[in-house]
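What follows is a single structure, written as structure tokens, with notes after it.
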Amino acid sequence: MKILISNDDGIAANGIRALTTKLAKHHDVYVVAPDRERSAAGHSLTLHTPLRVEELDPLAGSKRTWITTGTPGDCVKIAINAILSPEEMPDIVISGINHGPNLGSDILYSGTVSCAMEGAMMGIPSMAVSLASMETEYDSFKFTAKFVNELLKKIEKFPFPEKSILNVNVPALEPDDIAGVAITELGGKMFTNEYEKRMDPRGKVYYWMAGELVTEPEDAKTDIAAVRNNKISITPVTFDMTNEETMTSLAEELCTGDKCNWF
């Protein structure tokens, strides 16, 4: 299998190194990643400045490796459209392993998830993978990398739906302490919307995001609840954000008869 790996933590992150090391033993892996950390970049693209690309020595057993000055979305977009040859086109795009969870509505800010979404937007099966911990040591990512390798075997013939990715979050636990895998829906907010108002030494006011974790019922079928229950969460997520049910009621309100000519 040919795999394109990218991330939002940058080429030097241990998560991408651990994932590449594991998958490169079994697959043809190509890496295109940001040259620095681009966490919380969301689904942004570089439009008004040059996007620079440099090929490096292959990372951790990969076939080829590049860095870019762009966002996570840039990395996948330019990889597919400009960098990789026809023979190198990936069968799947994997974004990660992110250090820190990407759960609930917080995925809207996630560079890791947006990186995978860019692959899906180009019709390539894609997944985002996160370790639900802020640990950054290399060994912390080994089990998650092993899990991804096993997951690829399980979904080899899985027909990825259009406009969708798999969002995977792995608890930061010893393998024996993980309670299994849960197929989940997105939860709500991970944190409350709270800011602390502070004063710097020069007497200037600044604000620090200080939200607390939001609790959910233990039996909720969400990604947040699954990880809190020591399970690996796999959530199918779509970027097709059209609310089709509302289309009908909105059309009845605005466009019945001659209503659509109200302007």
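All residue names refer to the structure tokens as shown: chains lettered A, B, ... in order, residues numbered from 1 in each chain, ligands numbered from 1 in order.
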
Inset, instruction - Compile the contact shell of stretch 217-222 of chain A as JSON, numbers by chain: residues with an atom at most 10 Å away, counting only C-alpha atoms, same-chain residues fewer than 2 positions apart removed. - result: {"A": [103, 104, 182, 183, 184, 185, 186, 187, 188, 215, 224, 225, 226, 227, 228, 229, 233, 234, 235]}

Okay, now the selection with C-alpha atoms, as a PDB file, in the first residue's frame?
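Output file part-v9.pdb is given in full below:
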ATOM      1  CA  LEU A 103     -12.329  15.273  19.928  1.00  0.00           C
ATOM      2  CA  GLY A 104     -15.809  16.737  19.660  1.00  0.00           C
ATOM      3  CA  ALA A 182     -15.548   2.243  20.052  1.00  0.00           C
ATOM      4  CA  ILE A 183     -17.175   3.525  16.870  1.00  0.00           C
ATOM      5  CA  THR A 184     -18.412   6.921  17.969  1.00  0.00           C
ATOM      6  CA  GLU A 185     -20.107  10.162  17.033  1.00  0.00           C
ATOM      7  CA  LEU A 186     -18.566  13.564  17.661  1.00  0.00           C
ATOM      8  CA  GLY A 187     -19.108  14.914  21.141  1.00  0.00           C
ATOM      9  CA  GLY A 188     -19.704  18.529  22.083  1.00  0.00           C
ATOM     10  CA  THR A 215     -18.098  16.231  31.392  1.00  0.00           C
ATOM     11  CA  ILE A 224     -15.070  12.163  24.270  1.00  0.00           C
ATOM     12  CA  ALA A 225     -16.887   9.602  26.407  1.00  0.00           C
ATOM     13  CA  ALA A 226     -15.104   6.693  24.715  1.00  0.00           C
ATOM     14  CA  VAL A 227     -11.631   8.064  25.412  1.00  0.00           C
ATOM     15  CA  ARG A 228     -12.597   8.843  28.998  1.00  0.00           C
ATOM     16  CA  ASN A 229     -13.726   5.223  29.287  1.00  0.00           C
ATOM     17  CA  SER A 233     -12.408   6.179  19.485  1.00  0.00           C
ATOM     18  CA  ILE A 234     -12.966   5.922  15.734  1.00  0.00           C
ATOM     19  CA  THR A 235     -15.362   8.523  14.370  1.00  0.00           C
TER      20      THR A 235
END

What are the closest atom pairs, with distances in Å to one decimal, for each residue of stretch 48-78 of chain A lying within 10 Å of stretch 9-22 of chain A, using only C-alpha atoms, rows by chain and rising residue number, as JSON lines?
{"residue": "A:Leu59", "atom": "CA", "partner": "A:Arg17", "partner_atom": "CA", "distance": 7.2}
{"residue": "A:Ala60", "atom": "CA", "partner": "A:Thr21", "partner_atom": "CA", "distance": 4.9}
{"residue": "A:Gly61", "atom": "CA", "partner": "A:Thr21", "partner_atom": "CA", "distance": 6.0}
{"residue": "A:Ser62", "atom": "CA", "partner": "A:Thr20", "partner_atom": "CA", "distance": 6.6}
{"residue": "A:Thr65", "atom": "CA", "partner": "A:Ile11", "partner_atom": "CA", "distance": 9.3}
{"residue": "A:Trp66", "atom": "CA", "partner": "A:Ile11", "partner_atom": "CA", "distance": 8.8}
{"residue": "A:Ile67", "atom": "CA", "partner": "A:Ile11", "partner_atom": "CA", "distance": 6.9}
{"residue": "A:Thr68", "atom": "CA", "partner": "A:Ile11", "partner_atom": "CA", "distance": 9.3}
{"residue": "A:Thr71", "atom": "CA", "partner": "A:Gly10", "partner_atom": "CA", "distance": 9.6}
{"residue": "A:Pro72", "atom": "CA", "partner": "A:Gly10", "partner_atom": "CA", "distance": 8.7}

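A straight line drawn from atom CA of A:Pro90 to atom CA of A:Ser110 is 22.3 Å long.
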
Legend entry - atom CA of A:Asp28 to atom CA of A:Glu87, distance in Å rounded to a single decimal: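 Between atom CA of A:Asp28 and atom CA of A:Glu87 the gap works out to 11.1 Å.
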
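Counting only C-alpha atoms, the residue from A:Tyr30, A:Ala79, A:Gly111, A:Tyr138 that sits nearest to A:Asp57 is A:Tyr30.
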
Give me, as a PDB file with C-alpha atoms, in the first residue's frame, the residues of stretch 65-157 of chain A that a backbone DSSP run labels helix (DSSP H, G or I).
ATOM      1  CA  PRO A  72      -1.151  20.947   7.006  1.00  0.00           C
ATOM      2  CA  GLY A  73      -3.748  21.348   4.264  1.00  0.00           C
ATOM      3  CA  ASP A  74      -1.085  22.772   1.952  1.00  0.00           C
ATOM      4  CA  CYS A  75       1.093  19.704   2.538  1.00  0.00           C
ATOM      5  CA  VAL A  76      -1.494  17.220   1.306  1.00  0.00           C
ATOM      6  CA  LYS A  77      -2.774  19.434  -1.495  1.00  0.00           C
ATOM      7  CA  ILE A  78       0.647  20.137  -2.969  1.00  0.00           C
ATOM      8  CA  ALA A  79       1.769  16.548  -2.450  1.00  0.00           C
ATOM      9  CA  ILE A  80      -1.072  15.194  -4.572  1.00  0.00           C
ATOM     10  CA  ASN A  81      -1.077  17.943  -7.184  1.00  0.00           C
ATOM     11  CA  ALA A  82       2.598  18.788  -7.622  1.00  0.00           C
ATOM     12  CA  ILE A  83       5.121  16.719  -5.669  1.00  0.00           C
ATOM     13  CA  PRO A  86       1.781   9.240 -10.767  1.00  0.00           C
ATOM     14  CA  GLU A  87       3.536   6.089  -9.526  1.00  0.00           C
ATOM     15  CA  GLU A  88       3.715   7.517  -5.992  1.00  0.00           C
ATOM     16  CA  GLY A 104     -15.809  16.737  19.660  1.00  0.00           C
ATOM     17  CA  SER A 105     -16.328  20.116  18.044  1.00  0.00           C
ATOM     18  CA  ASP A 106     -12.672  20.979  18.667  1.00  0.00           C
ATOM     19  CA  ILE A 107     -11.847  19.190  15.403  1.00  0.00           C
ATOM     20  CA  LEU A 108     -12.999  22.357  13.625  1.00  0.00           C
ATOM     21  CA  TYR A 109      -9.760  24.003  14.783  1.00  0.00           C
ATOM     22  CA  GLY A 111      -4.765  21.054  11.664  1.00  0.00           C
ATOM     23  CA  THR A 112      -4.474  17.272  12.054  1.00  0.00           C
ATOM     24  CA  VAL A 113      -8.089  16.668  11.048  1.00  0.00           C
ATOM     25  CA  SER A 114      -7.988  19.295   8.290  1.00  0.00           C
ATOM     26  CA  CYS A 115      -4.899  17.630   6.859  1.00  0.00           C
ATOM     27  CA  ALA A 116      -6.881  14.395   6.459  1.00  0.00           C
ATOM     28  CA  MET A 117      -9.905  16.306   5.173  1.00  0.00           C
ATOM     29  CA  GLU A 118      -7.791  17.697   2.341  1.00  0.00           C
ATOM     30  CA  GLY A 119      -7.057  14.145   1.254  1.00  0.00           C
ATOM     31  CA  ALA A 120     -10.744  13.247   1.364  1.00  0.00           C
ATOM     32  CA  MET A 121     -11.605  16.362  -0.658  1.00  0.00           C
ATOM     33  CA  TYR A 138       8.896   9.062  21.167  1.00  0.00           C
ATOM     34  CA  ASP A 139       7.961   5.935  23.136  1.00  0.00           C
ATOM     35  CA  SER A 140       4.557   7.434  23.978  1.00  0.00           C
ATOM     36  CA  PHE A 141       3.509   7.092  20.321  1.00  0.00           C
ATOM     37  CA  LYS A 142       4.636   3.515  19.703  1.00  0.00           C
ATOM     38  CA  PHE A 143       1.382   1.784  20.630  1.00  0.00           C
ATOM     39  CA  THR A 144      -0.700   4.226  18.587  1.00  0.00           C
ATOM     40  CA  ALA A 145       1.541   3.597  15.572  1.00  0.00           C
ATOM     41  CA  LYS A 146       1.131  -0.150  16.063  1.00  0.00           C
ATOM     42  CA  PHE A 147      -2.636   0.249  16.301  1.00  0.00           C
ATOM     43  CA  VAL A 148      -2.756   2.229  13.044  1.00  0.00           C
ATOM     44  CA  ASN A 149      -0.805  -0.521  11.295  1.00  0.00           C
ATOM     45  CA  GLU A 150      -3.330  -3.111  12.511  1.00  0.00           C
ATOM     46  CA  LEU A 151      -6.251  -0.823  11.623  1.00  0.00           C
ATOM     47  CA  LEU A 152      -5.012  -0.568   8.036  1.00  0.00           C
ATOM     48  CA  LYS A 153      -5.267  -4.353   7.746  1.00  0.00           C
ATOM     49  CA  LYS A 154      -8.836  -4.296   9.082  1.00  0.00           C
TER      50      LYS A 154
END

List every residue of stretch 6-232 of chain A that DSSP, applied to the backbone of this structure, assigns to strand (DSSP E), and report them as a PDB file with N, CA and C atoms, in the first residue's frame.
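Now in states-v9.pdb:
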ATOM      1  N   SER A   6       1.275  13.041   6.758  1.00  0.00           N
ATOM      2  CA  SER A   6       1.542  14.436   7.077  1.00  0.00           C
ATOM      3  C   SER A   6       1.102  14.682   8.516  1.00  0.00           C
ATOM      4  N   ASP A  28       4.803   1.367   1.368  1.00  0.00           N
ATOM      5  CA  ASP A  28       5.585   2.443   0.751  1.00  0.00           C
ATOM      6  C   ASP A  28       5.069   3.768   1.293  1.00  0.00           C
ATOM      7  N   VAL A  29       5.880   4.421   2.094  1.00  0.00           N
ATOM      8  CA  VAL A  29       5.454   5.628   2.799  1.00  0.00           C
ATOM      9  C   VAL A  29       6.153   6.853   2.224  1.00  0.00           C
ATOM     10  N   TYR A  30       5.351   7.897   1.988  1.00  0.00           N
ATOM     11  CA  TYR A  30       5.863   9.192   1.548  1.00  0.00           C
ATOM     12  C   TYR A  30       5.430  10.234   2.575  1.00  0.00           C
ATOM     13  N   VAL A  31       6.331  11.117   2.933  1.00  0.00           N
ATOM     14  CA  VAL A  31       6.064  12.111   3.971  1.00  0.00           C
ATOM     15  C   VAL A  31       6.162  13.515   3.389  1.00  0.00           C
ATOM     16  N   VAL A  32       5.114  14.297   3.584  1.00  0.00           N
ATOM     17  CA  VAL A  32       5.141  15.725   3.256  1.00  0.00           C
ATOM     18  C   VAL A  32       4.553  16.447   4.460  1.00  0.00           C
ATOM     19  N   ALA A  33       5.374  17.198   5.171  1.00  0.00           N
ATOM     20  CA  ALA A  33       4.950  17.773   6.448  1.00  0.00           C
ATOM     21  C   ALA A  33       5.402  19.227   6.564  1.00  0.00           C
ATOM     22  N   PRO A  34       4.765  19.982   7.457  1.00  0.00           N
ATOM     23  CA  PRO A  34       5.206  21.366   7.678  1.00  0.00           C
ATOM     24  C   PRO A  34       6.612  21.412   8.258  1.00  0.00           C
ATOM     25  N   VAL A  53       9.048  24.304  -0.940  1.00  0.00           N
ATOM     26  CA  VAL A  53       9.137  22.862  -0.704  1.00  0.00           C
ATOM     27  C   VAL A  53      10.591  22.436  -0.797  1.00  0.00           C
ATOM     28  N   GLU A  54      11.023  21.600   0.154  1.00  0.00           N
ATOM     29  CA  GLU A  54      12.394  21.099   0.139  1.00  0.00           C
ATOM     30  C   GLU A  54      12.377  19.600   0.405  1.00  0.00           C
ATOM     31  N   GLU A  55      13.066  18.836  -0.432  1.00  0.00           N
ATOM     32  CA  GLU A  55      13.172  17.399  -0.192  1.00  0.00           C
ATOM     33  C   GLU A  55      14.323  17.126   0.765  1.00  0.00           C
ATOM     34  N   LEU A  56      14.056  16.288   1.766  1.00  0.00           N
ATOM     35  CA  LEU A  56      15.045  15.914   2.771  1.00  0.00           C
ATOM     36  C   LEU A  56      15.453  14.459   2.567  1.00  0.00           C
ATOM     37  N   ARG A  64      10.398   8.706   0.387  1.00  0.00           N
ATOM     38  CA  ARG A  64      10.847  10.072   0.151  1.00  0.00           C
ATOM     39  C   ARG A  64      10.179  10.982   1.180  1.00  0.00           C
ATOM     40  N   THR A  65      10.832  12.107   1.470  1.00  0.00           N
ATOM     41  CA  THR A  65      10.343  13.028   2.487  1.00  0.00           C
ATOM     42  C   THR A  65      10.551  14.466   2.032  1.00  0.00           C
ATOM     43  N   TRP A  66       9.522  15.283   2.223  1.00  0.00           N
ATOM     44  CA  TRP A  66       9.604  16.711   1.908  1.00  0.00           C
ATOM     45  C   TRP A  66       9.081  17.529   3.091  1.00  0.00           C
ATOM     46  N   ILE A  67       9.561  18.764   3.197  1.00  0.00           N
ATOM     47  CA  ILE A  67       8.970  19.735   4.113  1.00  0.00           C
ATOM     48  C   ILE A  67       8.458  20.905   3.283  1.00  0.00           C
ATOM     49  N   THR A  68       7.446  21.589   3.823  1.00  0.00           N
ATOM     50  CA  THR A  68       6.916  22.786   3.177  1.00  0.00           C
ATOM     51  C   THR A  68       6.802  23.899   4.196  1.00  0.00           C
ATOM     52  N   ILE A  92      -3.930   5.875   0.567  1.00  0.00           N
ATOM     53  CA  ILE A  92      -4.550   6.465   1.753  1.00  0.00           C
ATOM     54  C   ILE A  92      -3.674   7.591   2.274  1.00  0.00           C
ATOM     55  N   VAL A  93      -4.300   8.598   2.854  1.00  0.00           N
ATOM     56  CA  VAL A  93      -3.603   9.704   3.517  1.00  0.00           C
ATOM     57  C   VAL A  93      -3.802   9.530   5.028  1.00  0.00           C
ATOM     58  N   ILE A  94      -2.719   9.616   5.776  1.00  0.00           N
ATOM     59  CA  ILE A  94      -2.802   9.532   7.237  1.00  0.00           C
ATOM     60  C   ILE A  94      -2.162  10.777   7.823  1.00  0.00           C
ATOM     61  N   SER A  95      -2.904  11.466   8.670  1.00  0.00           N
ATOM     62  CA  SER A  95      -2.415  12.665   9.351  1.00  0.00           C
ATOM     63  C   SER A  95      -2.156  12.336  10.812  1.00  0.00           C
ATOM     64  N   GLY A  96      -0.933  12.588  11.274  1.00  0.00           N
ATOM     65  CA  GLY A  96      -0.628  12.322  12.670  1.00  0.00           C
ATOM     66  C   GLY A  96       0.772  11.724  12.826  1.00  0.00           C
ATOM     67  N   ILE A  97       1.029  11.170  13.962  1.00  0.00           N
ATOM     68  CA  ILE A  97       0.188  11.068  15.162  1.00  0.00           C
ATOM     69  C   ILE A  97       0.274  12.392  15.916  1.00  0.00           C
ATOM     70  N   ASN A  98      -0.877  13.009  16.157  1.00  0.00           N
ATOM     71  CA  ASN A  98      -0.893  14.277  16.874  1.00  0.00           C
ATOM     72  C   ASN A  98      -0.654  14.057  18.361  1.00  0.00           C
ATOM     73  N   HIS A  99       0.098  14.966  19.000  1.00  0.00           N
ATOM     74  CA  HIS A  99       0.179  14.899  20.467  1.00  0.00           C
ATOM     75  C   HIS A  99      -0.896  15.812  21.028  1.00  0.00           C
ATOM     76  N   SER A 126      -8.839   8.742   3.798  1.00  0.00           N
ATOM     77  CA  SER A 126      -7.973   9.498   4.702  1.00  0.00           C
ATOM     78  C   SER A 126      -8.388   9.293   6.144  1.00  0.00           C
ATOM     79  N   MET A 127      -7.399   9.395   7.028  1.00  0.00           N
ATOM     80  CA  MET A 127      -7.697   9.335   8.458  1.00  0.00           C
ATOM     81  C   MET A 127      -6.782  10.272   9.230  1.00  0.00           C
ATOM     82  N   ALA A 128      -7.305  10.762  10.354  1.00  0.00           N
ATOM     83  CA  ALA A 128      -6.534  11.581  11.286  1.00  0.00           C
ATOM     84  C   ALA A 128      -6.336  10.762  12.554  1.00  0.00           C
ATOM     85  N   VAL A 129      -5.125  10.787  13.096  1.00  0.00           N
ATOM     86  CA  VAL A 129      -4.800   9.964  14.268  1.00  0.00           C
ATOM     87  C   VAL A 129      -4.180  10.842  15.343  1.00  0.00           C
ATOM     88  N   SER A 130      -4.714  10.718  16.566  1.00  0.00           N
ATOM     89  CA  SER A 130      -4.225  11.539  17.681  1.00  0.00           C
ATOM     90  C   SER A 130      -4.021  10.687  18.920  1.00  0.00           C
ATOM     91  N   LEU A 131      -2.995  11.009  19.682  1.00  0.00           N
ATOM     92  CA  LEU A 131      -2.786  10.442  21.014  1.00  0.00           C
ATOM     93  C   LEU A 131      -3.397  11.409  22.003  1.00  0.00           C
ATOM     94  N   ALA A 132      -4.344  10.931  22.796  1.00  0.00           N
ATOM     95  CA  ALA A 132      -5.086  11.813  23.703  1.00  0.00           C
ATOM     96  C   ALA A 132      -4.257  12.149  24.927  1.00  0.00           C
ATOM     97  N   SER A 164     -15.554  11.974   3.447  1.00  0.00           N
ATOM     98  CA  SER A 164     -15.470  11.553   4.844  1.00  0.00           C
ATOM     99  C   SER A 164     -14.073  11.062   5.186  1.00  0.00           C
ATOM    100  N   ILE A 165     -13.744  11.167   6.475  1.00  0.00           N
ATOM    101  CA  ILE A 165     -12.497  10.622   7.008  1.00  0.00           C
ATOM    102  C   ILE A 165     -12.813   9.801   8.254  1.00  0.00           C
ATOM    103  N   LEU A 166     -11.818   9.068   8.730  1.00  0.00           N
ATOM    104  CA  LEU A 166     -11.901   8.442  10.039  1.00  0.00           C
ATOM    105  C   LEU A 166     -11.041   9.260  10.992  1.00  0.00           C
ATOM    106  N   ASN A 167     -11.635   9.671  12.102  1.00  0.00           N
ATOM    107  CA  ASN A 167     -10.902  10.423  13.115  1.00  0.00           C
ATOM    108  C   ASN A 167     -10.646   9.499  14.302  1.00  0.00           C
ATOM    109  N   VAL A 168      -9.369   9.175  14.526  1.00  0.00           N
ATOM    110  CA  VAL A 168      -8.973   8.179  15.521  1.00  0.00           C
ATOM    111  C   VAL A 168      -8.299   8.870  16.699  1.00  0.00           C
ATOM    112  N   ASN A 169      -8.763   8.551  17.921  1.00  0.00           N
ATOM    113  CA  ASN A 169      -8.141   9.063  19.141  1.00  0.00           C
ATOM    114  C   ASN A 169      -7.816   7.896  20.063  1.00  0.00           C
ATOM    115  N   VAL A 170      -6.559   7.818  20.477  1.00  0.00           N
ATOM    116  CA  VAL A 170      -6.078   6.704  21.294  1.00  0.00           C
ATOM    117  C   VAL A 170      -5.745   7.221  22.698  1.00  0.00           C
ATOM    118  N   PRO A 171      -6.318   6.593  23.746  1.00  0.00           N
ATOM    119  CA  PRO A 171      -5.985   7.018  25.110  1.00  0.00           C
ATOM    120  C   PRO A 171      -4.504   6.800  25.400  1.00  0.00           C
ATOM    121  N   VAL A 181     -12.128  -0.845  21.348  1.00  0.00           N
ATOM    122  CA  VAL A 181     -12.376   0.150  20.305  1.00  0.00           C
ATOM    123  C   VAL A 181     -13.846   0.512  20.308  1.00  0.00           C
ATOM    124  N   ALA A 182     -14.155   1.793  20.138  1.00  0.00           N
ATOM    125  CA  ALA A 182     -15.548   2.243  20.052  1.00  0.00           C
ATOM    126  C   ALA A 182     -15.739   3.049  18.778  1.00  0.00           C
ATOM    127  N   ILE A 183     -16.786   2.725  18.025  1.00  0.00           N
ATOM    128  CA  ILE A 183     -17.175   3.525  16.870  1.00  0.00           C
ATOM    129  C   ILE A 183     -18.123   4.592  17.387  1.00  0.00           C
ATOM    130  N   TYR A 195     -12.182  32.624  29.917  1.00  0.00           N
ATOM    131  CA  TYR A 195     -10.910  33.319  29.791  1.00  0.00           C
ATOM    132  C   TYR A 195     -10.595  34.020  31.112  1.00  0.00           C
ATOM    133  N   GLU A 196      -9.357  33.938  31.529  1.00  0.00           N
ATOM    134  CA  GLU A 196      -8.912  34.681  32.709  1.00  0.00           C
ATOM    135  C   GLU A 196      -8.330  36.023  32.275  1.00  0.00           C
ATOM    136  N   LYS A 197      -8.786  37.086  32.916  1.00  0.00           N
ATOM    137  CA  LYS A 197      -8.259  38.412  32.649  1.00  0.00           C
ATOM    138  C   LYS A 197      -7.061  38.636  33.554  1.00  0.00           C
ATOM    139  N   ARG A 198      -5.913  38.961  32.965  1.00  0.00           N
ATOM    140  CA  ARG A 198      -4.688  39.109  33.739  1.00  0.00           C
ATOM    141  C   ARG A 198      -4.010  40.435  33.409  1.00  0.00           C
ATOM    142  N   MET A 199      -3.000  40.764  34.212  1.00  0.00           N
ATOM    143  CA  MET A 199      -2.238  41.997  34.034  1.00  0.00           C
ATOM    144  C   MET A 199      -0.765  41.646  33.904  1.00  0.00           C
ATOM    145  N   VAL A 205      -3.423  44.787  30.082  1.00  0.00           N
ATOM    146  CA  VAL A 205      -4.351  43.670  30.255  1.00  0.00           C
ATOM    147  C   VAL A 205      -4.170  42.653  29.134  1.00  0.00           C
ATOM    148  N   TYR A 206      -4.192  41.379  29.514  1.00  0.00           N
ATOM    149  CA  TYR A 206      -4.230  40.313  28.512  1.00  0.00           C
ATOM    150  C   TYR A 206      -5.152  39.215  29.018  1.00  0.00           C
ATOM    151  N   TYR A 207      -5.502  38.286  28.122  1.00  0.00           N
ATOM    152  CA  TYR A 207      -6.435  37.208  28.460  1.00  0.00           C
ATOM    153  C   TYR A 207      -5.787  35.858  28.207  1.00  0.00           C
ATOM    154  N   TRP A 208      -6.105  34.893  29.063  1.00  0.00           N
ATOM    155  CA  TRP A 208      -5.573  33.544  28.948  1.00  0.00           C
ATOM    156  C   TRP A 208      -6.744  32.566  28.916  1.00  0.00           C
ATOM    157  N   MET A 209      -6.790  31.747  27.838  1.00  0.00           N
ATOM    158  CA  MET A 209      -7.863  30.754  27.768  1.00  0.00           C
ATOM    159  C   MET A 209      -7.706  29.759  28.916  1.00  0.00           C
ATOM    160  N   ILE A 232     -10.348   3.269  22.471  1.00  0.00           N
ATOM    161  CA  ILE A 232      -9.907   3.960  21.267  1.00  0.00           C
ATOM    162  C   ILE A 232     -11.142   4.376  20.483  1.00  0.00           C
TER     163      ILE A 232
END

Inset, instruction - Could you tell me how far atom CA of A:Gly123 lies from atom CA of A:Pro161, in Å and to one decimal? - result: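 Computing the Euclidean distance for atom CA of A:Gly123 and atom CA of A:Pro161 yields 9.5 Å.
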